[in-house]
Amino acid sequence: MSLIVQKFGGTSVADFERIRHVAKRVKKTYDQGNDVVVILSAMAGVTDNLLKMAAQVSDSPDKRELDVLLATGEQTTAALLSMTLKSMNYPARSLLGYQAAVITNHSHGNARIIDIGPDRINSMLNDRTIVIVAGFQGCDKDGNITTLGRGGSDTSAVAIAAALKADVCEIYTDVSGIYTADPNICEKAQKINEISYDEMLNMASLGANVLQIRSVGFAKKYNIPVHVRSSFNEEEGTMVVNENSGMERLVVSAVTHNKDEARITLKKVPDQPGIAAKIFSPISKAGIVIDMIIQNTRPGGETDLTFTVPNADYETALEIEKKVAEKIGAEVVFGDQNIAKVSVIGVGMKNHSGVASTMFNALADENINIIMISTSEIRISCIIEEKYTELAVRVLHTTFGLDKE
Ligand code: ADP
Ligand code: ASP
Ligand code: MG
């Protein structure tokens with residue numbers, strides 16, 4: 001008998017039939033004698049709709065109240081699944097984030113879990129209750145409802161699995177596992193049977209949002225095996241585990257993309273000490289995370305500086321930089337939201353040369369212009385025009401020999 005945490009994403013609970021299907025899946029695991037804790041997302045599209053509702057009443061909705069609103073999506077599915085299981089004569093009970101003692105910091109909309117008290121869930125499990133927890137939400141120490149950022153139910157699931165010392169955390173989604181590229185845009189992508197926490201962290205940070213990045217961080221820290229699989233079939237999915245000697249160290253093991261980026265450029269920035277600090281300090285004060293930065297020096301003591309931010313922060317960042325530009329005497333500030341980042345990732349890249357040039361040639365052959373480049377030991381990322389994203393992913397997937405037979 002094991003303790004199994006099962007998380008079902010939005011498409012897996014999209015309607016009543018899917019919820020009944022989830023109930024059957026949970027029941028099967030429970031009938032095998034396992035203790036089961038279920039973490040749920042909101043029905044597909046519901047969180048987006050709630051955000052739209054908030055936008056109807058305010059241009060910048062109060063963050064505390066927005067979390068109260070957003071948390072209702074997961075409250076709904078948790079109650080519905082519990083009712084469904086009860087109607088099948090199974091002992092289920094739903095808990096909201098605060099009832100499951102998911103304690104977070106105060107950062108509304110993007111809160112971090114700081115503690116989870118396992119006692120209530122454990123005592124329910126001791127009574128052989130199926131515990132259903134609303135994902136994506138917690139509460140701060142003052143009792144305010146918080147949410148964990150988009151895709152945050154994954155993190156709820158893994159963090160609860162860690163707090164309960166579960167044997168496995170199963171993440172049920174709409175694809176059969178983690179693939180060498182997003183299978184929804186690259187049909188030749190291959191399912192990966194086993195992937196290390198570190199490699200998954202890289203993939204998630206570069207756009208493979210099949211797992212929220214923080215969930216992978218938790219899994220690594222507490223050594224929780226995560227099984228990503230489909231709720232639409234019975235196939236074995238992908239195990240995310242500690243690195244082991246049986247894992248292949250391919251030069252390029254995956255291609256990822258991220259359309260959720262925008263770039264901001266400042267032209268004719270005076271080339272003086274302290275300027276970068278002036279440009280980036282207000283951005284970081286606003287809590288905006290910068291991804292890539294590129295600076296070019298040109299003759300005449302001026303530089304051009306370009307950086308990228310998440311799309312959601314674009315308007316705020318642009319406003320900030322317009323003010324900064326005025327202060328420091330930079331001439332032009334402009335931005336572009338129609339960009340995407342494509343990356344090739346592989347731990348084997350460390351000991352290989354030529355990966356970058358192969359990537360650039362492959363993109364050039366398709367006439368795809370590279371706007372920005374950044375590299376690390378184990379990945380190369382290019383910013384391109386958003387409309388070429390799918391093409392770029394497929395071409396790179398083929399170029400690096402990842403296509404399935
Ligand atoms: P859920 O609602 O179940 O949390 P998500 O939409 O958050 O589902 O995550 C699943 C999606 O992640 C898939 O539909 C797929 O389009 C996307 N995805 C992106 N990259 C990958 C990848 N490398 N492997 C699998 N899925 C990926
Ligand atoms: N419902 C939330 C979202 O759409 C959390 C999640 O699904 O993981 O982002
Ligand atoms: Mg998700």
# chains A, B, ... in the order shown; residues from 1 in each chain; ligands from 1
$ residues_around --residues "segment 139-151 of chain A" --least-positions-apart "2" --cutoff "7 Å" --atoms "only C-alpha atoms" --output "compact mmCIF listing (two decimals) with all heavy atoms, in the first residue's frame"
# COMPACT_ATOMS: atom_id res chain seq x y z
N ASP A 67 -7.10 37.34 -5.80
CA ASP A 67 -6.84 35.98 -5.32
C ASP A 67 -8.10 35.33 -4.74
O ASP A 67 -8.32 34.13 -4.92
CB ASP A 67 -5.72 36.00 -4.27
CG ASP A 67 -4.34 35.94 -4.93
OD1 ASP A 67 -4.28 35.76 -6.17
OD2 ASP A 67 -3.33 36.07 -4.22
N VAL A 68 -8.91 36.13 -4.07
CA VAL A 68 -10.18 35.59 -3.53
C VAL A 68 -11.02 35.07 -4.70
O VAL A 68 -11.60 33.99 -4.66
CB VAL A 68 -10.95 36.67 -2.74
CG1 VAL A 68 -12.31 36.15 -2.31
CG2 VAL A 68 -10.14 37.13 -1.53
N ALA A 71 -9.32 31.92 -6.65
CA ALA A 71 -9.35 30.67 -5.88
C ALA A 71 -10.68 29.93 -6.02
O ALA A 71 -10.77 28.74 -5.73
CB ALA A 71 -9.06 30.97 -4.40
N GLY A 97 -7.27 25.48 0.26
CA GLY A 97 -5.85 25.62 0.59
C GLY A 97 -5.63 25.86 2.08
O GLY A 97 -4.80 25.19 2.71
N TYR A 98 -6.35 26.82 2.64
CA TYR A 98 -6.09 27.16 4.05
C TYR A 98 -6.48 26.01 4.98
O TYR A 98 -5.85 25.79 6.02
CB TYR A 98 -6.81 28.47 4.44
CG TYR A 98 -8.29 28.35 4.70
CD1 TYR A 98 -8.79 28.12 5.98
CD2 TYR A 98 -9.21 28.47 3.65
CE1 TYR A 98 -10.15 28.01 6.21
CE2 TYR A 98 -10.57 28.36 3.89
CZ TYR A 98 -11.04 28.14 5.17
OH TYR A 98 -12.38 28.02 5.40
N VAL A 102 -1.93 25.06 3.79
CA VAL A 102 -0.91 25.46 2.81
C VAL A 102 -0.59 26.94 3.09
O VAL A 102 -1.33 27.84 2.71
CB VAL A 102 -1.43 25.29 1.36
CG1 VAL A 102 -0.38 25.77 0.35
CG2 VAL A 102 -1.84 23.85 1.09
N ILE A 103 0.51 27.16 3.80
CA ILE A 103 0.86 28.51 4.22
C ILE A 103 1.85 29.12 3.21
O ILE A 103 2.85 28.48 2.85
CB ILE A 103 1.52 28.52 5.62
CG1 ILE A 103 0.66 27.74 6.62
CG2 ILE A 103 1.77 29.96 6.11
CD1 ILE A 103 -0.72 28.29 6.84
N THR A 104 1.56 30.32 2.77
CA THR A 104 2.42 30.97 1.78
C THR A 104 2.91 32.32 2.30
O THR A 104 2.45 32.79 3.34
CB THR A 104 1.64 31.25 0.47
OG1 THR A 104 0.72 32.32 0.70
CG2 THR A 104 0.88 30.04 -0.01
N ASN A 105 3.79 32.93 1.53
CA ASN A 105 4.15 34.33 1.83
C ASN A 105 3.00 35.25 1.40
O ASN A 105 1.95 34.77 0.96
CB ASN A 105 5.50 34.70 1.20
CG ASN A 105 5.44 34.71 -0.32
OD1 ASN A 105 4.38 34.57 -0.92
ND2 ASN A 105 6.59 34.88 -0.94
N HIS A 106 3.22 36.56 1.45
CA HIS A 106 2.12 37.49 1.20
C HIS A 106 1.97 37.88 -0.27
O HIS A 106 1.13 38.71 -0.61
CB HIS A 106 2.34 38.79 2.01
CG HIS A 106 2.50 38.56 3.47
ND1 HIS A 106 1.46 38.16 4.28
CD2 HIS A 106 3.58 38.64 4.27
CE1 HIS A 106 1.91 38.02 5.52
NE2 HIS A 106 3.19 38.29 5.54
N HIS A 108 0.57 38.15 -3.26
CA HIS A 108 -0.66 37.80 -3.97
C HIS A 108 -0.41 37.60 -5.46
O HIS A 108 0.31 38.38 -6.08
CB HIS A 108 -1.71 38.89 -3.77
CG HIS A 108 -2.31 38.86 -2.40
ND1 HIS A 108 -3.13 37.83 -1.97
CD2 HIS A 108 -2.21 39.71 -1.35
CE1 HIS A 108 -3.51 38.07 -0.72
NE2 HIS A 108 -2.95 39.20 -0.31
N GLY A 109 -0.99 36.53 -6.01
CA GLY A 109 -0.87 36.28 -7.44
C GLY A 109 0.35 35.46 -7.81
O GLY A 109 0.41 34.88 -8.89
N ASN A 110 1.31 35.41 -6.90
CA ASN A 110 2.52 34.66 -7.23
C ASN A 110 3.17 34.18 -5.93
O ASN A 110 4.38 34.25 -5.76
CB ASN A 110 3.48 35.58 -7.99
CG ASN A 110 4.51 34.79 -8.74
OD1 ASN A 110 4.33 33.59 -8.98
ND2 ASN A 110 5.61 35.43 -9.08
N ALA A 111 2.33 33.70 -5.01
CA ALA A 111 2.81 33.39 -3.66
C ALA A 111 3.68 32.13 -3.65
O ALA A 111 3.51 31.24 -4.47
CB ALA A 111 1.63 33.23 -2.72
N ARG A 112 4.61 32.11 -2.70
CA ARG A 112 5.44 30.93 -2.52
C ARG A 112 5.01 30.17 -1.28
O ARG A 112 4.74 30.80 -0.24
CB ARG A 112 6.91 31.34 -2.32
CG ARG A 112 7.54 31.75 -3.60
CD ARG A 112 8.92 32.32 -3.38
NE ARG A 112 9.42 32.78 -4.64
CZ ARG A 112 10.13 32.03 -5.49
NH1 ARG A 112 10.46 30.79 -5.17
NH2 ARG A 112 10.52 32.50 -6.64
N PHE A 136 -3.46 25.39 -6.38
CA PHE A 136 -3.21 26.76 -6.84
C PHE A 136 -3.40 27.79 -5.73
O PHE A 136 -3.12 28.96 -5.91
CB PHE A 136 -4.15 27.03 -8.02
CG PHE A 136 -4.12 28.39 -8.67
CD1 PHE A 136 -2.94 28.95 -9.13
CD2 PHE A 136 -5.31 29.09 -8.87
CE1 PHE A 136 -2.96 30.19 -9.78
CE2 PHE A 136 -5.32 30.32 -9.52
CZ PHE A 136 -4.15 30.87 -9.97
N GLN A 137 -3.87 27.38 -4.56
CA GLN A 137 -4.19 28.36 -3.53
C GLN A 137 -3.61 27.99 -2.18
O GLN A 137 -3.37 26.83 -1.87
CB GLN A 137 -5.71 28.49 -3.38
CG GLN A 137 -6.42 27.16 -3.14
CD GLN A 137 -7.90 27.37 -2.85
OE1 GLN A 137 -8.31 27.53 -1.71
NE2 GLN A 137 -8.70 27.35 -3.90
N SER A 153 -1.10 24.70 -9.61
CA SER A 153 -1.59 23.46 -8.98
C SER A 153 -0.52 22.37 -8.98
O SER A 153 -0.53 21.50 -8.12
CB SER A 153 -2.81 22.91 -9.71
OG SER A 153 -3.77 23.88 -9.83
N ASP A 154 0.36 22.41 -9.98
CA ASP A 154 1.46 21.43 -9.98
C ASP A 154 2.28 21.58 -8.70
O ASP A 154 2.67 20.59 -8.06
CB ASP A 154 2.41 21.68 -11.16
CG ASP A 154 1.74 21.49 -12.51
OD1 ASP A 154 0.80 20.68 -12.59
OD2 ASP A 154 2.16 22.16 -13.47
N GLN A 212 4.84 23.35 -13.72
CA GLN A 212 5.26 24.67 -13.25
C GLN A 212 6.66 24.52 -12.64
O GLN A 212 6.91 23.58 -11.87
CB GLN A 212 4.28 25.23 -12.20
CG GLN A 212 4.45 26.75 -12.03
CD GLN A 212 3.88 27.30 -10.73
OE1 GLN A 212 3.91 26.64 -9.70
NE2 GLN A 212 3.37 28.53 -10.77
$ residues_around --residues "Leu391 of chain A" --least-positions-apart "4" --cutoff "10 Å" --atoms "only C-alpha atoms" --output "number ranges by chain"
A: 185-186, 363, 366, 368, 387, 395-397
$ atom_distance --atom1 "atom 14 (O, counted along the ligand's line) of ligand 1" --atom2 "atom CA of Asn311 of chain A"
20.0 Å
$ residues_near_ligand --ligand "ligand 2" --cutoff "10 Å" --atoms "only C-alpha atoms and all ligand atoms" --output "PyMOL selection string"
chain A and resi 7-11+39-50+70-74+134-137+147-157+210-212
$ write_last_selection --atoms "N, CA and C atoms" --output "short mmCIF file (atom, residue, chain, number, x, y, z; two decimals), in the first residue's frame"
data_model
loop_
_atom_site.label_atom_id
_atom_site.label_comp_id
_atom_site.auth_asym_id
_atom_site.auth_seq_id
_atom_site.Cartn_x
_atom_site.Cartn_y
_atom_site.Cartn_z
N LYS A 7 -2.64 14.69 -9.15
CA LYS A 7 -3.09 16.04 -9.52
C LYS A 7 -3.71 16.00 -10.91
N PHE A 8 -4.88 16.61 -11.04
CA PHE A 8 -5.54 16.65 -12.34
C PHE A 8 -5.63 18.10 -12.82
N GLY A 9 -5.11 18.35 -14.01
CA GLY A 9 -5.08 19.71 -14.57
C GLY A 9 -6.42 20.10 -15.19
N GLY A 10 -6.48 21.32 -15.70
CA GLY A 10 -7.72 21.91 -16.20
C GLY A 10 -8.47 21.08 -17.23
N THR A 11 -7.76 20.56 -18.23
CA THR A 11 -8.47 19.79 -19.27
C THR A 11 -8.97 18.46 -18.71
N ILE A 39 -5.26 16.54 -5.88
CA ILE A 39 -5.14 17.99 -6.00
C ILE A 39 -5.78 18.39 -7.32
N LEU A 40 -6.62 19.39 -7.30
CA LEU A 40 -7.32 19.76 -8.53
C LEU A 40 -7.01 21.16 -8.99
N SER A 41 -7.04 21.30 -10.34
CA SER A 41 -7.04 22.63 -10.98
C SER A 41 -8.48 23.04 -11.19
N ALA A 42 -8.65 24.28 -11.63
CA ALA A 42 -9.97 24.74 -12.07
C ALA A 42 -10.28 24.11 -13.42
N MET A 43 -11.56 24.08 -13.81
CA MET A 43 -11.91 23.60 -15.15
C MET A 43 -11.17 24.44 -16.19
N ALA A 44 -10.78 23.80 -17.30
CA ALA A 44 -10.03 24.52 -18.34
C ALA A 44 -10.74 25.82 -18.71
N GLY A 45 -10.01 26.90 -18.76
CA GLY A 45 -10.57 28.19 -19.19
C GLY A 45 -11.16 29.01 -18.06
N VAL A 46 -11.42 28.39 -16.92
CA VAL A 46 -12.11 29.11 -15.84
C VAL A 46 -11.22 30.22 -15.25
N THR A 47 -9.96 29.91 -15.01
CA THR A 47 -9.08 30.94 -14.43
C THR A 47 -8.98 32.14 -15.38
N ASP A 48 -8.87 31.86 -16.70
CA ASP A 48 -8.84 32.95 -17.68
C ASP A 48 -10.11 33.78 -17.59
N ASN A 49 -11.27 33.10 -17.48
CA ASN A 49 -12.54 33.83 -17.42
C ASN A 49 -12.64 34.67 -16.15
N LEU A 50 -12.14 34.14 -15.06
CA LEU A 50 -12.18 34.92 -13.81
C LEU A 50 -11.32 36.18 -13.96
N LEU A 70 -9.88 34.29 -7.93
CA LEU A 70 -9.25 33.20 -8.69
C LEU A 70 -9.35 31.86 -7.98
N ALA A 71 -9.32 31.92 -6.65
CA ALA A 71 -9.35 30.67 -5.88
C ALA A 71 -10.68 29.93 -6.02
N THR A 72 -11.72 30.63 -6.50
CA THR A 72 -13.02 29.96 -6.62
C THR A 72 -13.01 28.88 -7.69
N GLY A 73 -12.14 29.02 -8.70
CA GLY A 73 -12.09 28.02 -9.77
C GLY A 73 -11.76 26.65 -9.21
N GLU A 74 -10.77 26.58 -8.34
CA GLU A 74 -10.34 25.31 -7.76
C GLU A 74 -11.31 24.86 -6.66
N ALA A 134 -8.07 21.70 -3.08
CA ALA A 134 -8.08 22.71 -4.14
C ALA A 134 -6.65 23.17 -4.38
N GLY A 135 -6.16 23.00 -5.63
CA GLY A 135 -4.79 23.40 -5.94
C GLY A 135 -4.69 24.91 -6.14
N PHE A 136 -3.46 25.39 -6.38
CA PHE A 136 -3.21 26.76 -6.84
C PHE A 136 -3.40 27.79 -5.73
N GLN A 137 -3.87 27.38 -4.56
CA GLN A 137 -4.19 28.36 -3.53
C GLN A 137 -3.61 27.99 -2.18
N THR A 147 -2.75 33.03 -4.23
CA THR A 147 -2.61 32.02 -5.30
C THR A 147 -1.14 31.95 -5.75
N LEU A 148 -0.80 30.83 -6.38
CA LEU A 148 0.61 30.48 -6.57
C LEU A 148 1.18 30.79 -7.95
N GLY A 149 0.44 31.57 -8.76
CA GLY A 149 0.93 31.83 -10.11
C GLY A 149 0.36 30.81 -11.08
N ARG A 150 0.28 31.18 -12.38
CA ARG A 150 -0.34 30.31 -13.37
C ARG A 150 0.35 28.94 -13.39
N GLY A 151 -0.48 27.93 -13.49
CA GLY A 151 0.05 26.57 -13.48
C GLY A 151 0.40 26.09 -12.07
N GLY A 152 -0.01 26.85 -11.06
CA GLY A 152 0.44 26.60 -9.69
C GLY A 152 -0.09 25.34 -9.02
N SER A 153 -1.10 24.70 -9.61
CA SER A 153 -1.59 23.46 -8.98
C SER A 153 -0.52 22.37 -8.98
N ASP A 154 0.36 22.41 -9.98
CA ASP A 154 1.46 21.43 -9.98
C ASP A 154 2.28 21.58 -8.70
N THR A 155 2.53 22.83 -8.34
CA THR A 155 3.33 23.09 -7.14
C THR A 155 2.57 22.70 -5.88
N SER A 156 1.27 22.98 -5.85
CA SER A 156 0.46 22.52 -4.72
C SER A 156 0.64 21.01 -4.54
N ALA A 157 0.53 20.29 -5.66
CA ALA A 157 0.57 18.83 -5.61
C ALA A 157 1.91 18.32 -5.08
N VAL A 210 4.55 22.17 -19.08
CA VAL A 210 3.83 20.96 -18.69
C VAL A 210 3.93 20.78 -17.16
N LEU A 211 5.01 21.28 -16.56
CA LEU A 211 5.12 21.36 -15.10
C LEU A 211 5.50 22.80 -14.73
N GLN A 212 4.84 23.35 -13.72
CA GLN A 212 5.26 24.67 -13.25
C GLN A 212 6.66 24.52 -12.64
#
$ closest_residue --among "A:Lys165, A:Arg263, A:Lys188, A:Arg18" --to "Asn223 of chain A" --atoms "only C-alpha atoms"
A:Lys165
$ select_by_dssp --residues "segment 158-393 of chain A" --states "alpha helix (DSSP H)" --output "ChimeraX atom specification"
/A:158-164,197-205,213-222,275-285,314-328,355-365,389-393
$ write_last_selection --atoms "C-alpha atoms" --output "PDB file, in the first residue's frame"
ATOM      1  CA  VAL A 158       4.306  18.310  -5.262  1.00  0.00           C
ATOM      2  CA  ALA A 159       4.533  20.413  -2.087  1.00  0.00           C
ATOM      3  CA  ILE A 160       1.699  18.464  -0.477  1.00  0.00           C
ATOM      4  CA  ALA A 161       3.318  15.205  -1.621  1.00  0.00           C
ATOM      5  CA  ALA A 162       6.531  16.363   0.067  1.00  0.00           C
ATOM      6  CA  ALA A 163       4.772  17.371   3.296  1.00  0.00           C
ATOM      7  CA  LEU A 164       3.004  13.998   3.484  1.00  0.00           C
ATOM      8  CA  TYR A 197      14.984  16.986 -11.954  1.00  0.00           C
ATOM      9  CA  ASP A 198      17.728  19.239 -13.266  1.00  0.00           C
ATOM     10  CA  GLU A 199      16.902  18.677 -16.883  1.00  0.00           C
ATOM     11  CA  MET A 200      13.214  19.222 -16.224  1.00  0.00           C
ATOM     12  CA  LEU A 201      14.048  22.419 -14.353  1.00  0.00           C
ATOM     13  CA  ASN A 202      15.828  23.646 -17.458  1.00  0.00           C
ATOM     14  CA  MET A 203      12.991  22.674 -19.744  1.00  0.00           C
ATOM     15  CA  ALA A 204      10.379  24.282 -17.505  1.00  0.00           C
ATOM     16  CA  SER A 205      12.390  27.481 -17.173  1.00  0.00           C
ATOM     17  CA  ILE A 213       8.943  25.263 -12.550  1.00  0.00           C
ATOM     18  CA  ARG A 214       8.496  25.618  -8.798  1.00  0.00           C
ATOM     19  CA  SER A 215       6.933  22.175  -8.609  1.00  0.00           C
ATOM     20  CA  VAL A 216      10.124  20.694 -10.039  1.00  0.00           C
ATOM     21  CA  GLY A 217      12.166  22.626  -7.478  1.00  0.00           C
ATOM     22  CA  PHE A 218      10.104  21.105  -4.677  1.00  0.00           C
ATOM     23  CA  ALA A 219      10.349  17.635  -6.183  1.00  0.00           C
ATOM     24  CA  LYS A 220      14.132  17.920  -6.347  1.00  0.00           C
ATOM     25  CA  LYS A 221      14.522  19.352  -2.859  1.00  0.00           C
ATOM     26  CA  TYR A 222      12.391  16.673  -1.223  1.00  0.00           C
ATOM     27  CA  ILE A 275      23.634  53.271 -16.199  1.00  0.00           C
ATOM     28  CA  ALA A 276      22.621  49.605 -16.196  1.00  0.00           C
ATOM     29  CA  ALA A 277      21.729  49.902 -12.528  1.00  0.00           C
ATOM     30  CA  LYS A 278      19.524  52.897 -13.309  1.00  0.00           C
ATOM     31  CA  ILE A 279      17.773  50.968 -16.056  1.00  0.00           C
ATOM     32  CA  PHE A 280      17.180  47.750 -14.146  1.00  0.00           C
ATOM     33  CA  SER A 281      16.690  48.774 -10.509  1.00  0.00           C
ATOM     34  CA  PRO A 282      13.164  50.185 -11.016  1.00  0.00           C
ATOM     35  CA  ILE A 283      12.217  47.060 -12.971  1.00  0.00           C
ATOM     36  CA  SER A 284      13.322  44.801 -10.156  1.00  0.00           C
ATOM     37  CA  LYS A 285      11.605  47.030  -7.587  1.00  0.00           C
ATOM     38  CA  TYR A 314       5.327  44.408 -20.681  1.00  0.00           C
ATOM     39  CA  GLU A 315       3.197  47.546 -20.282  1.00  0.00           C
ATOM     40  CA  THR A 316       4.500  48.252 -16.785  1.00  0.00           C
ATOM     41  CA  ALA A 317       8.116  47.719 -17.845  1.00  0.00           C
ATOM     42  CA  LEU A 318       7.684  49.958 -20.882  1.00  0.00           C
ATOM     43  CA  GLU A 319       6.230  52.773 -18.783  1.00  0.00           C
ATOM     44  CA  ILE A 320       9.087  52.462 -16.296  1.00  0.00           C
ATOM     45  CA  GLU A 321      11.719  52.575 -19.030  1.00  0.00           C
ATOM     46  CA  LYS A 322      10.188  55.612 -20.714  1.00  0.00           C
ATOM     47  CA  LYS A 323      10.719  57.507 -17.478  1.00  0.00           C
ATOM     48  CA  VAL A 324      14.221  56.095 -17.012  1.00  0.00           C
ATOM     49  CA  ALA A 325      15.147  57.042 -20.582  1.00  0.00           C
ATOM     50  CA  GLU A 326      14.130  60.614 -19.962  1.00  0.00           C
ATOM     51  CA  LYS A 327      16.247  60.782 -16.825  1.00  0.00           C
ATOM     52  CA  ILE A 328      19.395  59.263 -18.278  1.00  0.00           C
ATOM     53  CA  VAL A 355      25.805  23.228 -31.456  1.00  0.00           C
ATOM     54  CA  ALA A 356      25.260  26.977 -31.745  1.00  0.00           C
ATOM     55  CA  SER A 357      26.367  27.163 -35.352  1.00  0.00           C
ATOM     56  CA  THR A 358      24.186  24.160 -36.246  1.00  0.00           C
ATOM     57  CA  MET A 359      21.234  25.907 -34.631  1.00  0.00           C
ATOM     58  CA  PHE A 360      21.864  29.223 -36.376  1.00  0.00           C
ATOM     59  CA  ASN A 361      22.307  27.526 -39.751  1.00  0.00           C
ATOM     60  CA  ALA A 362      19.089  25.557 -39.356  1.00  0.00           C
ATOM     61  CA  LEU A 363      17.157  28.748 -38.612  1.00  0.00           C
ATOM     62  CA  ALA A 364      18.870  30.599 -41.463  1.00  0.00           C
ATOM     63  CA  ASP A 365      17.933  27.858 -43.922  1.00  0.00           C
ATOM     64  CA  THR A 389       7.839  29.607 -33.478  1.00  0.00           C
ATOM     65  CA  GLU A 390       6.260  26.357 -34.638  1.00  0.00           C
ATOM     66  CA  LEU A 391       8.449  26.157 -37.727  1.00  0.00           C
ATOM     67  CA  ALA A 392      11.590  26.833 -35.694  1.00  0.00           C
ATOM     68  CA  VAL A 393      10.757  24.157 -33.120  1.00  0.00           C
TER      69      VAL A 393
END
$ atom_distance --atom1 "atom CA of Gln337 of chain A" --atom2 "atom CA of Val289 of chain A"
15.7 Å
$ atom_distance --atom1 "atom CA of Glu187 of chain A" --atom2 "atom CA of Val309 of chain A"
29.1 Å
$ select_by_dssp --residues "segment 254-383 of chain A" --states "strand (DSSP E)" --output "PyMOL selection string"
chain A and resi 254-270+293-298+302-310+332-345+372-376+379-383
$ closest_residue --among "A:Val13, A:Leu95, A:Val333, A:Met1" --to "Thr29 of chain A" --atoms "only C-alpha atoms"
A:Met1
$ closest_residue --among "A:Gly274, A:Gly177, A:Gly335, A:Gly33" --to "Phe307 of chain A" --atoms "only C-alpha atoms"
A:Gly335
$ closest_residue --among "A:Ser374, A:Gln6, A:Asn258, A:Thr180" --to "ligand 1" --atoms "only C-alpha atoms and all ligand atoms"
A:Thr180
$ closest_residue --among "A:Ser94, A:Ser107, A:Asn209, A:Ser381" --to "ligand 3" --atoms "only C-alpha atoms and all ligand atoms"
A:Asn209
$ residues_around --residues "Ile192 of chain A" --least-positions-apart "5" --cutoff "9 Å" --atoms "only C-alpha atoms" --output "number ranges by chain"
A: 177-180, 237-239
$ write_last_selection --atoms "N, CA, C and O atoms" --output "PDB file, in the first residue's frame"
ATOM      1  N   GLY A 177       2.946  12.594 -21.337  1.00  0.00           N
ATOM      2  CA  GLY A 177       4.180  12.670 -20.567  1.00  0.00           C
ATOM      3  C   GLY A 177       4.960  13.894 -21.000  1.00  0.00           C
ATOM      4  O   GLY A 177       4.399  14.818 -21.619  1.00  0.00           O
ATOM      5  N   ILE A 178       6.250  13.881 -20.696  1.00  0.00           N
ATOM      6  CA  ILE A 178       7.120  14.977 -21.112  1.00  0.00           C
ATOM      7  C   ILE A 178       7.803  14.544 -22.401  1.00  0.00           C
ATOM      8  O   ILE A 178       8.331  13.433 -22.495  1.00  0.00           O
ATOM      9  N   TYR A 179       7.780  15.401 -23.396  1.00  0.00           N
ATOM     10  CA  TYR A 179       8.283  15.076 -24.718  1.00  0.00           C
ATOM     11  C   TYR A 179       9.527  15.908 -25.044  1.00  0.00           C
ATOM     12  O   TYR A 179       9.805  16.906 -24.388  1.00  0.00           O
ATOM     13  N   THR A 180      10.190  15.476 -26.128  1.00  0.00           N
ATOM     14  CA  THR A 180      11.398  16.187 -26.572  1.00  0.00           C
ATOM     15  C   THR A 180      11.082  17.588 -27.112  1.00  0.00           C
ATOM     16  O   THR A 180      11.983  18.388 -27.314  1.00  0.00           O
ATOM     17  N   GLY A 237       3.608   7.308 -18.216  1.00  0.00           N
ATOM     18  CA  GLY A 237       4.078   8.611 -18.678  1.00  0.00           C
ATOM     19  C   GLY A 237       5.573   8.777 -18.508  1.00  0.00           C
ATOM     20  O   GLY A 237       6.351   7.869 -18.815  1.00  0.00           O
ATOM     21  N   THR A 238       5.979   9.922 -18.003  1.00  0.00           N
ATOM     22  CA  THR A 238       7.396  10.234 -17.793  1.00  0.00           C
ATOM     23  C   THR A 238       7.682  10.330 -16.300  1.00  0.00           C
ATOM     24  O   THR A 238       6.951  11.003 -15.580  1.00  0.00           O
ATOM     25  N   MET A 239       8.751   9.656 -15.853  1.00  0.00           N
ATOM     26  CA  MET A 239       9.160   9.787 -14.448  1.00  0.00           C
ATOM     27  C   MET A 239      10.202  10.903 -14.340  1.00  0.00           C
ATOM     28  O   MET A 239      11.192  10.918 -15.067  1.00  0.00           O
TER      29      MET A 239
END
$ closest_residue --among "A:Thr303, A:Thr308, A:Ser230, A:Ser353" --to "Ile339 of chain A" --atoms "only C-alpha atoms"
A:Thr308
